[in-house]
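Okay, so here's the structure we're looking at.
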Amino acid sequence: MTTEKEAPPRRRRSPKPAPAVQNCGTCDGSEETTTTVRVGRKRREIGATQAGLCPTCLGTGTA
């Protein structure tokens, strides 16, 4: 009679390190920027601002 060999246990892989977050110079890592609001035909600026997505971070997949 032959004895069957057991397969060695599988080695577990170590987890991959988390990717380092790159801070954007435009938004400082918040992924939002502020833009002044302009109105009228001559695009006159008023005293208000609005939030929007950072154009630099938008295509990187982090936004």
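As shown in the structure tokens, the chain order sets the letters A, B, ...; within each chain, residues go from 1, and ligands are also counted from 1 in the order they appear.
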
Quick one: contact table of range 29-63 of chain A to range 9-25 of chain A, 8 Å max, nearest atom pair and distance in Å to one decimal per residue, counting only C-alpha atoms, chain and number order, as a tab-separated table?
residue	atom	partner	partner_atom	distance
A:Gly29	CA	A:Asn23	CA	4.6
A:Thr56	CA	A:Cys24	CA	7.4
A:Cys57	CA	A:Cys24	CA	7.1

Exercise for the section: Apply DSSP to the structure's backbone, then extract all residues of chain A labelled strand (DSSP E or B) and return them as a VMD selection string. Expected result: chain A and resid 32 to 39 44 to 53

May I have the selected residues written with all heavy atoms, as a compact mmCIF listing (two decimals), in the first residue's frame?
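Here's the written file again-v4.txt:
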# COMPACT_ATOMS: atom_id res chain seq x y z
N GLU A 32 -11.81 69.43 -4.36
CA GLU A 32 -12.77 70.49 -4.67
C GLU A 32 -12.03 71.81 -4.79
O GLU A 32 -11.07 72.07 -4.09
CB GLU A 32 -13.81 70.62 -3.56
CG GLU A 32 -14.95 69.66 -3.68
CD GLU A 32 -16.10 70.02 -2.75
OE1 GLU A 32 -16.00 71.04 -2.05
OE2 GLU A 32 -17.07 69.28 -2.74
N THR A 33 -12.50 72.64 -5.70
CA THR A 33 -11.94 73.97 -5.85
C THR A 33 -13.08 74.98 -5.79
O THR A 33 -14.25 74.64 -5.97
CB THR A 33 -11.22 74.14 -7.20
OG1 THR A 33 -12.14 73.88 -8.25
CG2 THR A 33 -10.04 73.20 -7.32
N THR A 34 -12.75 76.22 -5.54
CA THR A 34 -13.76 77.27 -5.54
C THR A 34 -13.56 78.13 -6.77
O THR A 34 -12.44 78.37 -7.22
CB THR A 34 -13.68 78.14 -4.29
OG1 THR A 34 -12.37 78.68 -4.19
CG2 THR A 34 -13.97 77.34 -3.04
N THR A 35 -14.66 78.58 -7.33
CA THR A 35 -14.65 79.40 -8.53
C THR A 35 -15.52 80.61 -8.30
O THR A 35 -16.59 80.50 -7.69
CB THR A 35 -15.20 78.60 -9.73
OG1 THR A 35 -14.52 77.35 -9.81
CG2 THR A 35 -15.00 79.34 -11.03
N THR A 36 -15.08 81.75 -8.79
CA THR A 36 -15.91 82.95 -8.64
C THR A 36 -17.08 82.87 -9.63
O THR A 36 -16.95 82.35 -10.73
CB THR A 36 -15.10 84.22 -8.92
OG1 THR A 36 -14.54 84.14 -10.21
CG2 THR A 36 -13.99 84.39 -7.91
N VAL A 37 -18.21 83.37 -9.21
CA VAL A 37 -19.41 83.35 -10.04
C VAL A 37 -19.41 84.59 -10.93
O VAL A 37 -19.17 85.70 -10.46
CB VAL A 37 -20.68 83.32 -9.16
CG1 VAL A 37 -21.93 83.35 -10.03
CG2 VAL A 37 -20.67 82.09 -8.29
N ARG A 38 -19.66 84.40 -12.22
CA ARG A 38 -19.72 85.50 -13.17
C ARG A 38 -21.09 85.54 -13.81
O ARG A 38 -21.67 84.51 -14.13
CB ARG A 38 -18.65 85.32 -14.24
CG ARG A 38 -17.27 85.36 -13.67
CD ARG A 38 -16.23 85.16 -14.72
NE ARG A 38 -14.90 85.24 -14.11
CZ ARG A 38 -13.80 85.14 -14.78
NH1 ARG A 38 -13.82 84.98 -16.08
NH2 ARG A 38 -12.64 85.21 -14.15
N VAL A 39 -21.62 86.74 -14.00
CA VAL A 39 -22.96 86.90 -14.54
C VAL A 39 -22.94 87.93 -15.66
O VAL A 39 -22.04 88.75 -15.76
CB VAL A 39 -23.97 87.35 -13.45
CG1 VAL A 39 -24.13 86.28 -12.40
CG2 VAL A 39 -23.55 88.65 -12.83
N ARG A 44 -19.38 89.68 -15.70
CA ARG A 44 -19.03 90.48 -14.54
C ARG A 44 -18.99 89.59 -13.30
O ARG A 44 -19.87 88.78 -13.07
CB ARG A 44 -20.10 91.57 -14.38
CG ARG A 44 -19.99 92.41 -13.16
CD ARG A 44 -21.06 93.50 -13.17
NE ARG A 44 -22.40 92.99 -13.40
CZ ARG A 44 -23.29 92.74 -12.44
NH1 ARG A 44 -22.97 92.93 -11.19
NH2 ARG A 44 -24.50 92.30 -12.75
N GLU A 45 -17.93 89.74 -12.49
CA GLU A 45 -17.80 88.95 -11.27
C GLU A 45 -18.63 89.56 -10.16
O GLU A 45 -18.66 90.77 -9.99
CB GLU A 45 -16.34 88.89 -10.84
CG GLU A 45 -15.45 88.08 -11.76
CD GLU A 45 -14.04 87.97 -11.24
OE1 GLU A 45 -13.77 88.42 -10.11
OE2 GLU A 45 -13.21 87.43 -11.97
N ILE A 46 -19.34 88.69 -9.43
CA ILE A 46 -20.06 89.15 -8.25
C ILE A 46 -19.32 88.60 -7.04
O ILE A 46 -18.36 87.85 -7.17
CB ILE A 46 -21.55 88.72 -8.28
CG1 ILE A 46 -21.67 87.21 -8.31
CG2 ILE A 46 -22.25 89.33 -9.46
CD1 ILE A 46 -23.08 86.71 -8.20
N GLY A 47 -19.72 88.94 -5.86
CA GLY A 47 -18.99 88.56 -4.65
C GLY A 47 -19.20 87.13 -4.19
O GLY A 47 -18.85 86.81 -3.07
N ALA A 48 -19.75 86.25 -5.01
CA ALA A 48 -20.05 84.89 -4.59
C ALA A 48 -19.05 83.90 -5.19
O ALA A 48 -18.41 84.17 -6.21
CB ALA A 48 -21.46 84.51 -5.02
N THR A 49 -18.93 82.75 -4.55
CA THR A 49 -18.09 81.66 -5.06
C THR A 49 -18.91 80.38 -5.07
O THR A 49 -19.90 80.26 -4.34
CB THR A 49 -16.83 81.45 -4.21
OG1 THR A 49 -17.22 81.16 -2.87
CG2 THR A 49 -15.92 82.66 -4.24
N GLN A 50 -18.49 79.42 -5.88
CA GLN A 50 -19.16 78.13 -5.91
C GLN A 50 -18.10 77.04 -5.91
O GLN A 50 -16.98 77.25 -6.35
CB GLN A 50 -20.06 78.00 -7.13
CG GLN A 50 -19.36 78.04 -8.46
CD GLN A 50 -20.34 77.97 -9.62
OE1 GLN A 50 -21.55 78.07 -9.43
NE2 GLN A 50 -19.83 77.81 -10.81
N ALA A 51 -18.46 75.87 -5.40
CA ALA A 51 -17.54 74.74 -5.33
C ALA A 51 -17.68 73.90 -6.58
O ALA A 51 -18.75 73.78 -7.17
CB ALA A 51 -17.84 73.90 -4.10
N GLY A 52 -16.57 73.26 -6.98
CA GLY A 52 -16.58 72.40 -8.15
C GLY A 52 -15.48 71.37 -8.05
O GLY A 52 -14.61 71.45 -7.15
N LEU A 53 -15.47 70.39 -8.93
CA LEU A 53 -14.43 69.38 -8.95
C LEU A 53 -13.12 69.97 -9.45
O LEU A 53 -13.11 70.83 -10.31
CB LEU A 53 -14.83 68.21 -9.85
CG LEU A 53 -15.94 67.32 -9.33
CD1 LEU A 53 -16.29 66.28 -10.39
CD2 LEU A 53 -15.53 66.63 -8.05

Problem - alpha helix (DSSP H) positions in chain A, given as JSON, numbers by chain - result: {"A": [55, 56, 57, 58]}

Would you save the residues of that selection, restricted to N, CA and C atoms, as a JSON list (two decimals), in the first residue's frame?
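The file below, out33.json, is the result:
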[["chain", "number", "residue", "atom", "x", "y", "z"],
["A", 55, "PRO", "N", -10.08, 70.25, -11.67],
["A", 55, "PRO", "CA", -9.80, 69.76, -13.02],
["A", 55, "PRO", "C", -8.53, 68.93, -13.10],
["A", 56, "THR", "N", -7.59, 69.13, -12.18],
["A", 56, "THR", "CA", -6.36, 68.35, -12.20],
["A", 56, "THR", "C", -6.60, 66.93, -11.71],
["A", 57, "CYS", "N", -7.41, 66.77, -10.67],
["A", 57, "CYS", "CA", -7.68, 65.45, -10.08],
["A", 57, "CYS", "C", -8.75, 64.67, -10.84],
["A", 58, "LEU", "N", -9.51, 65.31, -11.68],
["A", 58, "LEU", "CA", -10.67, 64.68, -12.31],
["A", 58, "LEU", "C", -10.28, 63.47, -13.15]]
